[in-house]
>>> print(open('my_file22.pdb').read())   # PDB, C-alpha atoms
ATOM      1  CA  MET A   1     -35.992  21.148   4.373
ATOM      2  CA  TYR A   2     -35.168  19.047   7.413
ATOM      3  CA  GLY A   3     -34.475  22.244   9.367
ATOM      4  CA  TRP A   4     -37.932  23.481   8.410
ATOM      5  CA  ILE A   5     -39.543  20.236   9.613
ATOM      6  CA  TRP A   6     -37.547  20.385  12.834
ATOM      7  CA  ARG A   7     -38.665  23.964  13.529
ATOM      8  CA  HIS A   8     -42.308  23.027  12.929
ATOM      9  CA  LEU A   9     -42.322  20.079  15.296
ATOM     10  CA  PRO A  10     -43.944  20.876  18.638
ATOM     11  CA  GLY A  11     -42.397  20.532  22.053
ATOM     12  CA  ASN A  12     -38.860  20.708  23.351
ATOM     13  CA  ALA A  13     -35.806  19.022  21.873
ATOM     14  CA  TRP A  14     -36.610  15.642  23.451
ATOM     15  CA  VAL A  15     -40.210  15.568  22.206
ATOM     16  CA  ARG A  16     -39.087  16.716  18.763
ATOM     17  CA  GLY A  17     -36.408  14.067  18.698
ATOM     18  CA  ILE A  18     -38.915  11.335  19.494
ATOM     19  CA  ILE A  19     -41.402  12.596  16.896
ATOM     20  CA  ALA A  20     -38.623  12.859  14.308
ATOM     21  CA  LEU A  21     -37.560   9.298  15.045
ATOM     22  CA  MET A  22     -41.129   8.098  14.621
ATOM     23  CA  LEU A  23     -41.404   9.960  11.308
ATOM     24  CA  ILE A  24     -38.184   8.315  10.093
ATOM     25  CA  LEU A  25     -39.452   4.883  11.102
ATOM     26  CA  ALA A  26     -42.754   5.538   9.326
ATOM     27  CA  VAL A  27     -40.904   6.480   6.132
ATOM     28  CA  VAL A  28     -38.654   3.396   6.310
ATOM     29  CA  TYR A  29     -41.696   1.192   6.909
ATOM     30  CA  ALA A  30     -43.499   2.692   3.909
ATOM     31  CA  LEU A  31     -40.419   2.137   1.749
ATOM     32  CA  PHE A  32     -39.959  -1.517   2.776
ATOM     33  CA  GLN A  33     -43.645  -2.350   2.710
ATOM     34  CA  TYR A  34     -44.847  -0.545  -0.396
ATOM     35  CA  VAL A  35     -42.241   1.336  -2.423
ATOM     36  CA  PHE A  36     -39.458  -1.287  -2.726
ATOM     37  CA  PRO A  37     -41.745  -4.234  -3.526
ATOM     38  CA  TRP A  38     -43.265  -2.075  -6.236
ATOM     39  CA  ALA A  39     -39.938  -0.898  -7.629
ATOM     40  CA  GLU A  40     -38.126  -4.219  -7.515
ATOM     41  CA  PRO A  41     -39.711  -5.962 -10.537
ATOM     42  CA  LEU A  42     -38.983  -2.836 -12.582
ATOM     43  CA  LEU A  43     -35.258  -3.211 -11.947
ATOM     44  CA  PRO A  44     -33.183  -5.895 -13.686
ATOM     45  CA  PHE A  45     -31.593  -7.532 -10.643
ATOM     46  CA  GLY A  46     -33.820 -10.507  -9.939
ATOM     47  CA  ASP A  47     -34.208 -12.449 -13.176
ATOM     48  CA  VAL A  48     -32.918 -15.966 -12.844
ATOM     49  CA  THR A  49     -34.497 -17.934 -15.667
ATOM     50  CA  VAL A  50     -33.585 -18.426 -19.275
ATOM     51  CA  ASP A  51     -36.268 -17.147 -21.547
ATOM     52  CA  GLY A  52     -35.878 -16.932 -25.268
ATOM     53  CA  ALA A  53     -39.348 -15.824 -26.314
ATOM     54  CA  SER A  54     -39.263 -12.274 -24.981
ATOM     55  CA  ALA A  55     -36.487 -10.172 -26.407
ATOM     56  CA  GLY A  56     -37.037  -7.506 -23.791
ATOM     57  CA  GLY A  57     -36.872  -9.997 -20.989
ATOM     58  CA  ALA A  58     -40.402  -9.127 -20.001
ATOM     59  CA  GLY A  59     -41.971 -12.535 -20.531
ATOM     60  CA  ALA A  60     -44.313 -14.254 -18.144
ATOM     61  CA  GLY A  61     -41.806 -17.028 -17.652
ATOM     62  CA  ARG A  62     -39.099 -14.917 -16.085
TER      63      ARG A  62
ATOM     64  CA  MET B   1     -29.617  35.626  28.377
ATOM     65  CA  ALA B   2     -31.845  38.285  26.864
ATOM     66  CA  ALA B   3     -29.012  40.783  26.902
ATOM     67  CA  ARG B   4     -26.690  38.418  25.112
ATOM     68  CA  THR B   5     -29.201  37.719  22.340
ATOM     69  CA  GLU B   6     -29.670  41.435  21.833
ATOM     70  CA  HIS B   7     -25.932  41.882  21.661
ATOM     71  CA  ASP B   8     -25.580  39.019  19.155
ATOM     72  CA  GLU B   9     -28.263  40.444  16.921
ATOM     73  CA  ARG B  10     -26.655  43.824  16.950
ATOM     74  CA  THR B  11     -23.264  42.418  15.967
ATOM     75  CA  ASP B  12     -24.958  40.299  13.315
ATOM     76  CA  THR B  13     -26.747  43.253  11.721
ATOM     77  CA  SER B  14     -23.690  45.442  11.701
ATOM     78  CA  ALA B  15     -21.583  42.770   9.977
ATOM     79  CA  SER B  16     -24.109  41.899   7.232
ATOM     80  CA  PRO B  17     -24.719  43.448   3.794
ATOM     81  CA  PRO B  18     -27.871  45.527   3.130
ATOM     82  CA  PRO B  19     -31.191  43.663   3.773
ATOM     83  CA  ALA B  20     -32.223  43.271   0.095
ATOM     84  CA  ARG B  21     -29.004  41.599  -0.997
ATOM     85  CA  ARG B  22     -29.017  39.500   2.120
ATOM     86  CA  ARG B  23     -32.513  38.214   1.354
ATOM     87  CA  VAL B  24     -31.476  37.092  -2.151
ATOM     88  CA  ARG B  25     -28.412  35.388  -0.758
ATOM     89  CA  ASP B  26     -30.507  33.652   1.890
ATOM     90  CA  ARG B  27     -32.893  32.367  -0.723
ATOM     91  CA  VAL B  28     -30.087  30.976  -2.873
ATOM     92  CA  ALA B  29     -28.479  29.432   0.178
ATOM     93  CA  SER B  30     -31.701  27.757   1.263
ATOM     94  CA  ALA B  31     -32.353  26.451  -2.284
ATOM     95  CA  VAL B  32     -28.866  24.964  -2.339
ATOM     96  CA  SER B  33     -29.342  23.386   1.066
ATOM     97  CA  VAL B  34     -32.716  21.875   0.096
ATOM     98  CA  PHE B  35     -31.091  20.438  -3.041
ATOM     99  CA  GLY B  36     -28.274  19.013  -0.966
ATOM    100  CA  GLU B  37     -30.686  17.479   1.489
ATOM    101  CA  LEU B  38     -32.611  15.868  -1.373
ATOM    102  CA  LEU B  39     -29.377  14.332  -2.667
ATOM    103  CA  ILE B  40     -28.539  12.971   0.786
ATOM    104  CA  THR B  41     -32.072  11.585   1.027
ATOM    105  CA  ALA B  42     -31.775   9.877  -2.360
ATOM    106  CA  GLY B  43     -28.498   8.297  -1.253
ATOM    107  CA  LEU B  44     -30.059   7.008   1.944
ATOM    108  CA  VAL B  45     -33.062   5.599   0.069
ATOM    109  CA  LEU B  46     -30.758   3.742  -2.336
ATOM    110  CA  ALA B  47     -28.758   2.360   0.583
ATOM    111  CA  LEU B  48     -31.998   1.206   2.168
ATOM    112  CA  PHE B  49     -32.965  -0.470  -1.108
ATOM    113  CA  VAL B  50     -29.766  -2.495  -0.988
ATOM    114  CA  VAL B  51     -30.584  -3.505   2.590
ATOM    115  CA  TYR B  52     -34.057  -4.445   1.419
ATOM    116  CA  SER B  53     -32.866  -6.473  -1.574
ATOM    117  CA  LEU B  54     -30.061  -8.387   0.064
ATOM    118  CA  TRP B  55     -31.368  -8.818   3.582
ATOM    119  CA  TRP B  56     -35.055  -8.147   4.117
ATOM    120  CA  THR B  57     -36.299 -10.148   1.111
ATOM    121  CA  ASN B  58     -34.235 -13.080   2.452
ATOM    122  CA  VAL B  59     -35.879 -12.777   5.857
ATOM    123  CA  LEU B  60     -39.349 -12.781   4.304
ATOM    124  CA  ALA B  61     -38.573 -15.539   1.796
ATOM    125  CA  ASP B  62     -36.911 -17.856   4.319
ATOM    126  CA  ARG B  63     -39.885 -17.460   6.626
ATOM    127  CA  GLU B  64     -42.314 -18.269   3.800
ATOM    128  CA  ALA B  65     -40.177 -21.161   2.501
ATOM    129  CA  ASP B  66     -40.032 -22.676   5.996
ATOM    130  CA  ARG B  67     -43.787 -22.414   6.294
ATOM    131  CA  GLN B  68     -44.438 -23.993   2.892
ATOM    132  CA  GLY B  69     -41.802 -26.645   3.525
ATOM    133  CA  ASP B  70     -43.452 -27.537   6.836
ATOM    134  CA  THR B  71     -46.770 -27.907   5.029
ATOM    135  CA  VAL B  72     -45.258 -30.426   2.630
ATOM    136  CA  ARG B  73     -43.382 -32.252   5.400
ATOM    137  CA  SER B  74     -46.521 -32.598   7.489
ATOM    138  CA  LYS B  75     -48.346 -34.013   4.451
ATOM    139  CA  TRP B  76     -45.543 -36.510   4.049
ATOM    140  CA  ALA B  77     -45.653 -37.504   7.701
ATOM    141  CA  ASP B  78     -47.719 -40.589   6.985
ATOM    142  CA  GLY B  79     -44.758 -42.180   5.205
ATOM    143  CA  PRO B  80     -43.721 -42.653   1.575
ATOM    144  CA  GLY B  81     -46.422 -42.346  -1.028
ATOM    145  CA  ALA B  82     -47.394 -41.163  -4.474
ATOM    146  CA  LEU B  83     -46.247 -37.862  -5.926
ATOM    147  CA  ASP B  84     -48.371 -34.887  -4.956
ATOM    148  CA  THR B  85     -47.617 -31.770  -6.966
ATOM    149  CA  LYS B  86     -49.946 -29.274  -5.386
ATOM    150  CA  ASP B  87     -47.883 -27.804  -2.550
ATOM    151  CA  GLY B  88     -44.493 -28.613  -3.997
ATOM    152  CA  ILE B  89     -43.066 -31.776  -5.469
ATOM    153  CA  GLY B  90     -40.138 -32.219  -3.132
ATOM    154  CA  PHE B  91     -36.877 -30.888  -1.754
ATOM    155  CA  LEU B  92     -33.565 -30.266  -3.441
ATOM    156  CA  HIS B  93     -30.447 -31.055  -1.407
ATOM    157  CA  VAL B  94     -27.137 -29.779  -2.719
ATOM    158  CA  PRO B  95     -24.417 -30.385  -0.114
ATOM    159  CA  ALA B  96     -21.901 -28.232  -2.038
ATOM    160  CA  MET B  97     -24.171 -25.193  -1.787
ATOM    161  CA  LYS B  98     -24.556 -25.586   1.986
ATOM    162  CA  ASN B  99     -28.070 -24.192   1.926
ATOM    163  CA  GLY B 100     -30.035 -27.006   3.513
ATOM    164  CA  GLU B 101     -33.056 -28.155   1.619
ATOM    165  CA  VAL B 102     -34.884 -26.140  -1.018
ATOM    166  CA  LEU B 103     -38.557 -26.693  -1.640
ATOM    167  CA  VAL B 104     -39.376 -27.159  -5.324
ATOM    168  CA  LYS B 105     -42.693 -26.085  -6.770
ATOM    169  CA  LYS B 106     -44.172 -25.747 -10.215
ATOM    170  CA  GLY B 107     -43.422 -22.646 -12.256
ATOM    171  CA  THR B 108     -40.681 -20.061 -12.426
ATOM    172  CA  ASP B 109     -42.658 -16.836 -12.255
ATOM    173  CA  PRO B 110     -41.245 -14.239  -9.842
ATOM    174  CA  LYS B 111     -44.147 -14.631  -7.452
ATOM    175  CA  THR B 112     -43.321 -18.300  -6.901
ATOM    176  CA  LEU B 113     -39.557 -17.879  -6.747
ATOM    177  CA  ASN B 114     -39.788 -14.900  -4.393
ATOM    178  CA  ASN B 115     -41.003 -17.235  -1.668
ATOM    179  CA  GLY B 116     -37.509 -18.620  -1.224
ATOM    180  CA  ILE B 117     -38.068 -21.778  -3.209
ATOM    181  CA  ALA B 118     -36.890 -23.251  -6.500
ATOM    182  CA  GLY B 119     -39.301 -23.673  -9.385
ATOM    183  CA  TYR B 120     -39.311 -26.105 -12.264
ATOM    184  CA  TYR B 121     -39.818 -24.669 -15.724
ATOM    185  CA  THR B 122     -43.168 -24.747 -17.450
ATOM    186  CA  ASP B 123     -42.141 -22.142 -20.006
ATOM    187  CA  PRO B 124     -40.420 -21.687 -22.492
ATOM    188  CA  VAL B 125     -39.408 -25.367 -22.362
ATOM    189  CA  LYS B 126     -41.461 -27.636 -20.165
ATOM    190  CA  SER B 127     -39.460 -29.473 -17.533
ATOM    191  CA  ALA B 128     -39.589 -33.213 -17.097
ATOM    192  CA  LEU B 129     -40.242 -34.582 -13.640
ATOM    193  CA  PRO B 130     -37.560 -36.718 -11.971
ATOM    194  CA  SER B 131     -39.887 -39.699 -12.103
ATOM    195  CA  ASP B 132     -40.131 -39.532 -15.915
ATOM    196  CA  ASP B 133     -38.273 -42.205 -17.845
ATOM    197  CA  GLU B 134     -36.280 -39.602 -19.683
ATOM    198  CA  GLY B 135     -36.126 -35.833 -19.860
ATOM    199  CA  ASN B 136     -34.551 -32.834 -18.234
ATOM    200  CA  PHE B 137     -35.635 -31.693 -14.784
ATOM    201  CA  THR B 138     -34.990 -27.939 -15.071
ATOM    202  CA  LEU B 139     -34.960 -25.651 -12.039
ATOM    203  CA  ALA B 140     -34.511 -21.948 -11.361
ATOM    204  CA  ALA B 141     -33.992 -20.077  -8.085
ATOM    205  CA  HIS B 142     -32.666 -16.743  -6.904
ATOM    206  CA  ARG B 143     -28.954 -16.039  -6.593
ATOM    207  CA  ASP B 144     -29.440 -13.075  -4.247
ATOM    208  CA  GLY B 145     -32.364 -11.849  -2.236
ATOM    209  CA  HIS B 146     -35.656 -13.684  -1.855
ATOM    210  CA  GLY B 147     -33.973 -16.558  -0.077
ATOM    211  CA  ALA B 148     -30.942 -16.666  -2.417
ATOM    212  CA  LYS B 149     -31.291 -20.429  -2.626
ATOM    213  CA  PHE B 150     -28.771 -20.837  -5.460
ATOM    214  CA  HIS B 151     -26.314 -18.263  -4.127
ATOM    215  CA  ASN B 152     -23.449 -20.757  -3.929
ATOM    216  CA  ILE B 153     -24.040 -22.344  -7.315
ATOM    217  CA  HIS B 154     -20.437 -21.525  -8.297
ATOM    218  CA  LYS B 155     -19.218 -23.943  -5.582
ATOM    219  CA  LEU B 156     -20.602 -26.903  -7.559
ATOM    220  CA  LYS B 157     -17.930 -28.956  -9.302
ATOM    221  CA  ASN B 158     -18.140 -31.954 -11.601
ATOM    222  CA  GLY B 159     -18.982 -35.065  -9.621
ATOM    223  CA  ASP B 160     -20.795 -33.241  -6.830
ATOM    224  CA  PRO B 161     -24.062 -34.880  -5.830
ATOM    225  CA  VAL B 162     -27.401 -33.112  -6.308
ATOM    226  CA  VAL B 163     -30.131 -34.988  -4.504
ATOM    227  CA  PHE B 164     -33.819 -34.514  -5.057
ATOM    228  CA  GLU B 165     -36.198 -35.881  -2.445
ATOM    229  CA  THR B 166     -39.814 -36.662  -3.281
ATOM    230  CA  LYS B 167     -42.375 -38.316  -1.114
ATOM    231  CA  ASP B 168     -41.255 -41.817  -2.022
ATOM    232  CA  THR B 169     -37.902 -41.576  -3.839
ATOM    233  CA  TRP B 170     -34.423 -40.088  -3.468
ATOM    234  CA  TYR B 171     -33.039 -39.115  -6.882
ATOM    235  CA  VAL B 172     -29.253 -38.876  -6.776
ATOM    236  CA  TYR B 173     -27.769 -36.820  -9.623
ATOM    237  CA  LYS B 174     -24.096 -36.166 -10.312
ATOM    238  CA  VAL B 175     -22.955 -32.862 -11.780
ATOM    239  CA  TYR B 176     -21.145 -33.438 -15.074
ATOM    240  CA  LYS B 177     -20.924 -29.960 -16.555
ATOM    241  CA  THR B 178     -21.151 -26.329 -15.471
ATOM    242  CA  LEU B 179     -21.532 -23.257 -17.646
ATOM    243  CA  PRO B 180     -20.515 -20.141 -15.706
ATOM    244  CA  GLU B 181     -21.987 -17.649 -18.139
ATOM    245  CA  THR B 182     -24.558 -17.734 -20.898
ATOM    246  CA  SER B 183     -27.120 -15.407 -22.402
ATOM    247  CA  LYS B 184     -30.474 -15.181 -20.706
ATOM    248  CA  PHE B 185     -32.050 -15.963 -24.077
ATOM    249  CA  ASN B 186     -30.238 -19.278 -24.368
ATOM    250  CA  VAL B 187     -33.152 -21.671 -23.886
ATOM    251  CA  ASP B 188     -31.144 -24.541 -25.382
ATOM    252  CA  VAL B 189     -29.673 -25.183 -21.949
ATOM    253  CA  ILE B 190     -33.015 -26.449 -20.664
ATOM    254  CA  GLN B 191     -33.936 -28.659 -23.637
ATOM    255  CA  PRO B 192     -34.917 -32.255 -22.831
ATOM    256  CA  VAL B 193     -31.557 -33.305 -24.251
ATOM    257  CA  PRO B 194     -29.251 -30.395 -23.329
ATOM    258  CA  GLU B 195     -26.763 -30.806 -26.170
ATOM    259  CA  GLU B 196     -24.820 -27.759 -25.040
ATOM    260  CA  SER B 197     -23.617 -29.796 -22.086
ATOM    261  CA  GLY B 198     -22.113 -32.367 -24.420
ATOM    262  CA  VAL B 199     -24.756 -35.077 -24.231
ATOM    263  CA  LYS B 200     -26.412 -36.455 -27.326
ATOM    264  CA  LYS B 201     -28.748 -39.153 -26.094
ATOM    265  CA  PRO B 202     -31.967 -38.781 -24.140
ATOM    266  CA  GLY B 203     -31.450 -39.452 -20.462
ATOM    267  CA  ARG B 204     -32.527 -38.339 -17.027
ATOM    268  CA  TYR B 205     -30.912 -34.960 -16.535
ATOM    269  CA  ILE B 206     -31.200 -32.135 -14.047
ATOM    270  CA  THR B 207     -30.455 -28.499 -14.887
ATOM    271  CA  LEU B 208     -30.046 -25.693 -12.352
ATOM    272  CA  THR B 209     -30.277 -22.129 -13.631
ATOM    273  CA  THR B 210     -29.759 -18.846 -11.814
ATOM    274  CA  CYS B 211     -28.371 -15.410 -12.545
ATOM    275  CA  THR B 212     -24.745 -14.339 -12.639
ATOM    276  CA  PRO B 213     -22.604 -12.377 -11.785
ATOM    277  CA  VAL B 214     -23.665 -12.192  -8.152
ATOM    278  CA  TYR B 215     -26.011  -9.269  -7.370
ATOM    279  CA  THR B 216     -26.990  -8.758 -11.005
ATOM    280  CA  SER B 217     -28.845 -10.720 -13.616
ATOM    281  CA  LYS B 218     -26.918  -9.948 -16.747
ATOM    282  CA  TYR B 219     -26.121 -13.587 -17.567
ATOM    283  CA  ARG B 220     -27.240 -17.046 -16.488
ATOM    284  CA  TYR B 221     -25.249 -19.673 -14.623
ATOM    285  CA  ILE B 222     -26.047 -23.259 -15.582
ATOM    286  CA  VAL B 223     -25.246 -26.553 -13.873
ATOM    287  CA  TRP B 224     -26.097 -29.899 -15.450
ATOM    288  CA  GLY B 225     -26.323 -33.252 -13.745
ATOM    289  CA  GLU B 226     -27.291 -36.751 -14.724
ATOM    290  CA  LEU B 227     -29.211 -39.272 -12.668
ATOM    291  CA  GLU B 228     -26.898 -41.790 -11.064
ATOM    292  CA  ARG B 229     -29.334 -43.890  -9.074
ATOM    293  CA  THR B 230     -32.574 -43.716  -7.177
ATOM    294  CA  GLU B 231     -33.324 -44.914  -3.701
ATOM    295  CA  LYS B 232     -36.705 -45.741  -2.235
ATOM    296  CA  VAL B 233     -37.613 -43.673   0.802
ATOM    297  CA  ASP B 234     -37.919 -45.907   3.849
ATOM    298  CA  LYS B 235     -40.244 -45.161   6.717
ATOM    299  CA  ASP B 236     -37.568 -43.256   8.690
ATOM    300  CA  ARG B 237     -36.630 -41.213   5.613
ATOM    301  CA  THR B 238     -33.023 -42.391   5.959
ATOM    302  CA  LYS B 239     -30.883 -40.054   3.867
ATOM    303  CA  PRO B 240     -28.730 -41.397   1.020
ATOM    304  CA  VAL B 241     -24.994 -41.529   1.749
ATOM    305  CA  GLU B 242     -24.375 -38.368  -0.298
ATOM    306  CA  LEU B 243     -26.217 -36.312   2.309
ATOM    307  CA  LEU B 244     -24.651 -37.874   5.386
ATOM    308  CA  GLY B 245     -21.094 -36.487   5.022
TER     309      GLY B 245
END
>>> encode(input="my_file22.pdb", output="C-alpha cells")
Amino acid sequence: MYGWIWRHLPGNAWVRGIIALMLILAVVYALFQYVFPWAEPLLPFGDVTVDGASAGGAGAGR
Amino acid sequence: MAARTEHDERTDTSASPPPARRRVRDRVASAVSVFGELLITAGLVLALFVVYSLWWTNVLADREADRQGDTVRSKWADGPGALDTKDGIGFLHVPAMKNGEVLVKKGTDPKTLNNGIAGYYTDPVKSALPSDDEGNFTLAAHRDGHGAKFHNIHKLKNGDPVVFETKDTWYVYKVYKTLPETSKFNVDVIQPVPEESGVKKPGRYITLTTCTPVYTSKYRYIVWGELERTEKVDKDRTKPVELLG
C-alpha cells in the first residue's frame, strides 16, 4: 500500500520524501481537526457529571 | 550498472519457481503486506488519538479558557459589583489542585466544559449559587483533556480550602468529605442537602464532581465543602489568606 503510493509519487527520492511528508501532515491535520472531534463524544472517556435520568448516559446534562 | 541489473534479473529468474505459481504467491504476499500496513496505520491513528485527547484538547481548552477568563476579568476591571452571570459567574481557586483559577459558567453540557472551564449544574438537580442563603453549589469539570481542570481532585483532603471568587465576594469553603468513587447515576450527591456526605441540615455547600479513575469515566469522584466565611472584595482584589500561602 505505502510502497504503491511511494512508487506513484513523482520526482526523485528527495521530492518524494517531501511530498510524502506533506501527505502525512495533511492526514494528521484532518484527523485532529475533523475526525477526532467527531469521534470523541462517541467514546466514553469524557463524561464528568452525575446524571440519573438517562440510563444510557446519553442525557443532555452530561 | 546496466550489466549488473541484467545479471541480477537472470539470477532471480533462475532461482524462482514457475511464473504462474510465483504470481499467486506474489498476490498473497502483497495482500498480507497491505493487511499488515493497515494494522500499523490503525495503531498509529489510535496513538494519535491519545495525543489528541490528553494534549491537544488541553492546548485548545486552555487557550479558550484564558480568553473567556480575560473577558470576565476585563468586565470586572471597574471594581466590585453585582453578580453578572452571562460570561461566567466567577473563578474557582483550589490551592490543593495547583491549577490556578478556573472560570465557572452555567451548565455542564460537553460544549461548555470542553472550553477548559467548570460548569454549575442546571440538570438533573439545579445548583444553588454561592450567594444564595442556603443550597448546594454543584460544579463539574474535566479530569483529563479539555483543560483537565479537576485533574488533581484526589489531592483534596478534609480541611482544604476551596475559594470561589465572584465580582464582589470571596466565598471560602472548607472540604469536609470526599467520595473517591460513586456511580455516575448517583444524583443524590448534588442534592441541595447532600445527605450522602453526612449532613442533615440545609446549609451553604459546594460540591465538585469529575470522573474517575484518571483517563476514564467509569465512576465519579465527589468532593464536598461547606462555606466557612465570606469576604468582600476590596478595590485591589486582595486575596483571602487561604490563597496567599
>>> resolve_selection(input="my_file22.pdb", expression="the PyMOL selection byres ((chain A and resi 47) around 7)", output="list in words")
Pro44, Phe45, Gly46, Val48, Thr49 and Arg62 of chain A; Cys211 and Ser217 of chain B
>>> write_last_selection(input="my_file22.pdb", atoms="C-alpha atoms", output="PDB file, keeping the file's coordinate frame")
ATOM      1  CA  PRO A  44     -33.183  -5.895 -13.686  1.00  0.00           C
ATOM      2  CA  PHE A  45     -31.593  -7.532 -10.643  1.00  0.00           C
ATOM      3  CA  GLY A  46     -33.820 -10.507  -9.939  1.00  0.00           C
ATOM      4  CA  VAL A  48     -32.918 -15.966 -12.844  1.00  0.00           C
ATOM      5  CA  THR A  49     -34.497 -17.934 -15.667  1.00  0.00           C
ATOM      6  CA  ARG A  62     -39.099 -14.917 -16.085  1.00  0.00           C
TER       7      ARG A  62
ATOM      8  CA  CYS B 211     -28.371 -15.410 -12.545  1.00  0.00           C
ATOM      9  CA  SER B 217     -28.845 -10.720 -13.616  1.00  0.00           C
TER      10      SER B 217
END
>>> interface_residues(input="my_file22.pdb", of="chain B", to="chain A", cutoff="8 Å", atoms="only C-alpha atoms", output="PyMOL selection string")
chain B and resi 33-34+37+49+52+107-110+122-124+140-145+183-187+209-211+215-217+220
>>> closest_atom_pairs(input="my_file22.pdb", of="region 90-131 of chain B", to="region 155-176 of chain B", cutoff="9 Å", atoms="all atoms listed in the file", output="CSV")
residue,atom,partner,partner_atom,distance
B:Gly90,CA,B:Thr166,CA,4.5
B:Phe91,CA,B:Glu165,CA,5.1
B:Leu92,CA,B:Phe164,CA,4.6
B:His93,CA,B:Val163,CA,5.0
B:Val94,CA,B:Val162,CA,4.9
B:Pro95,CA,B:Pro161,CA,7.3
B:Ala96,CA,B:Leu156,CA,5.8
B:Met97,CA,B:Lys155,CA,6.4
B:Pro130,CA,B:Tyr171,CA,7.2
B:Ser131,CA,B:Tyr171,CA,8.6
>>> atom_distance(input="my_file22.pdb", atom1="CA of Pro240 (chain B)", atom2="CA of His146 (chain B)")
28.7 Å
>>> residues_near_point(input="my_file22.pdb", point="(-35.3, -42.6, -19.7)", cutoff="8 Å", atoms="all atoms listed in the file", output="list in words")
Asp132, Asp133, Glu134, Gly135, Pro202, Gly203 and Arg204 of chain B
>>> resolve_selection(input="my_file22.pdb", expression="the PyMOL selection byres ((chain B and resi 61-69) around 6)", output="list in words")
Thr57, Asn58, Val59, Leu60, Asp70, Thr71, Val72, Asn115, Gly116, His146 and Gly147 of chain B
>>> residues_around(input="my_file22.pdb", residues="Tyr205 (chain B)", least_positions_apart="6", cutoff="7 Å", atoms="all atoms listed in the file", output="PDB file with C-alpha atoms, in the frame of the given file")
ATOM      1  CA  GLY B 135     -36.126 -35.833 -19.860  1.00  0.00           C
ATOM      2  CA  ASN B 136     -34.551 -32.834 -18.234  1.00  0.00           C
ATOM      3  CA  PHE B 137     -35.635 -31.693 -14.784  1.00  0.00           C
ATOM      4  CA  GLY B 225     -26.323 -33.252 -13.745  1.00  0.00           C
ATOM      5  CA  GLU B 226     -27.291 -36.751 -14.724  1.00  0.00           C
ATOM      6  CA  LEU B 227     -29.211 -39.272 -12.668  1.00  0.00           C
TER       7      LEU B 227
END
>>> closest_residue(input="my_file22.pdb", among="B:Leu139, B:Leu208, B:Ile89, B:Val28", to="Lys75 (chain B)", atoms="all atoms listed in the file")
B:Ile89
>>> closest_residue(input="my_file22.pdb", among="B:Lys98, B:Lys106, B:Asp236, B:Ile153", to="Ala77 (chain B)", atoms="all atoms listed in the file")
B:Asp236
>>> atom_distance(input="my_file22.pdb", atom1="CA of Leu103 (chain B)", atom2="CA of Gly88 (chain B)")
6.7 Å
>>> resolve_selection(input="my_file22.pdb", expression="the PyMOL selection byres ((chain A and resi 6) around 12)", output="ChimeraX atom specification")
/A:1-5,7-21,23
>>> write_last_selection(input="my_file22.pdb", atoms="C-alpha atoms", output="tab-separated table (two decimals), in the frame of the given file")
chain	number	residue	atom	x	y	z
A	1	MET	CA	-35.99	21.15	4.37
A	2	TYR	CA	-35.17	19.05	7.41
A	3	GLY	CA	-34.48	22.24	9.37
A	4	TRP	CA	-37.93	23.48	8.41
A	5	ILE	CA	-39.54	20.24	9.61
A	7	ARG	CA	-38.66	23.96	13.53
A	8	HIS	CA	-42.31	23.03	12.93
A	9	LEU	CA	-42.32	20.08	15.30
A	10	PRO	CA	-43.94	20.88	18.64
A	11	GLY	CA	-42.40	20.53	22.05
A	12	ASN	CA	-38.86	20.71	23.35
A	13	ALA	CA	-35.81	19.02	21.87
A	14	TRP	CA	-36.61	15.64	23.45
A	15	VAL	CA	-40.21	15.57	22.21
A	16	ARG	CA	-39.09	16.72	18.76
A	17	GLY	CA	-36.41	14.07	18.70
A	18	ILE	CA	-38.92	11.34	19.49
A	19	ILE	CA	-41.40	12.60	16.90
A	20	ALA	CA	-38.62	12.86	14.31
A	21	LEU	CA	-37.56	9.30	15.04
A	23	LEU	CA	-41.40	9.96	11.31
>>> atom_distance(input="my_file22.pdb", atom1="CA of Pro194 (chain B)", atom2="CA of Ile222 (chain B)")
11.0 Å
>>> build_atoms(input="my_file22.pdb", residues="region 18-27 of chain A", atoms="N, CA and C atoms", output="short mmCIF file (atom, residue, chain, number, x, y, z; two decimals), keeping the file's coordinate frame")
data_model
loop_
_atom_site.label_atom_id
_atom_site.label_comp_id
_atom_site.auth_asym_id
_atom_site.auth_seq_id
_atom_site.Cartn_x
_atom_site.Cartn_y
_atom_site.Cartn_z
N ILE A 18 -38.11 12.56 19.54
CA ILE A 18 -38.92 11.34 19.49
C ILE A 18 -39.86 11.35 18.30
N ILE A 19 -40.50 12.50 18.05
CA ILE A 19 -41.40 12.60 16.90
C ILE A 19 -40.63 12.38 15.60
N ALA A 20 -39.44 13.00 15.52
CA ALA A 20 -38.62 12.86 14.31
C ALA A 20 -38.27 11.40 14.07
N LEU A 21 -37.91 10.71 15.15
CA LEU A 21 -37.56 9.30 15.04
C LEU A 21 -38.74 8.48 14.54
N MET A 22 -39.94 8.82 15.07
CA MET A 22 -41.13 8.10 14.62
C MET A 22 -41.42 8.37 13.15
N LEU A 23 -41.20 9.63 12.73
CA LEU A 23 -41.40 9.96 11.31
C LEU A 23 -40.45 9.15 10.43
N ILE A 24 -39.17 9.06 10.87
CA ILE A 24 -38.18 8.32 10.09
C ILE A 24 -38.60 6.85 9.99
N LEU A 25 -39.03 6.29 11.12
CA LEU A 25 -39.45 4.88 11.10
C LEU A 25 -40.66 4.68 10.18
N ALA A 26 -41.58 5.65 10.20
CA ALA A 26 -42.75 5.54 9.33
C ALA A 26 -42.33 5.55 7.86
N VAL A 27 -41.37 6.41 7.52
CA VAL A 27 -40.90 6.48 6.13
C VAL A 27 -40.22 5.18 5.73
#
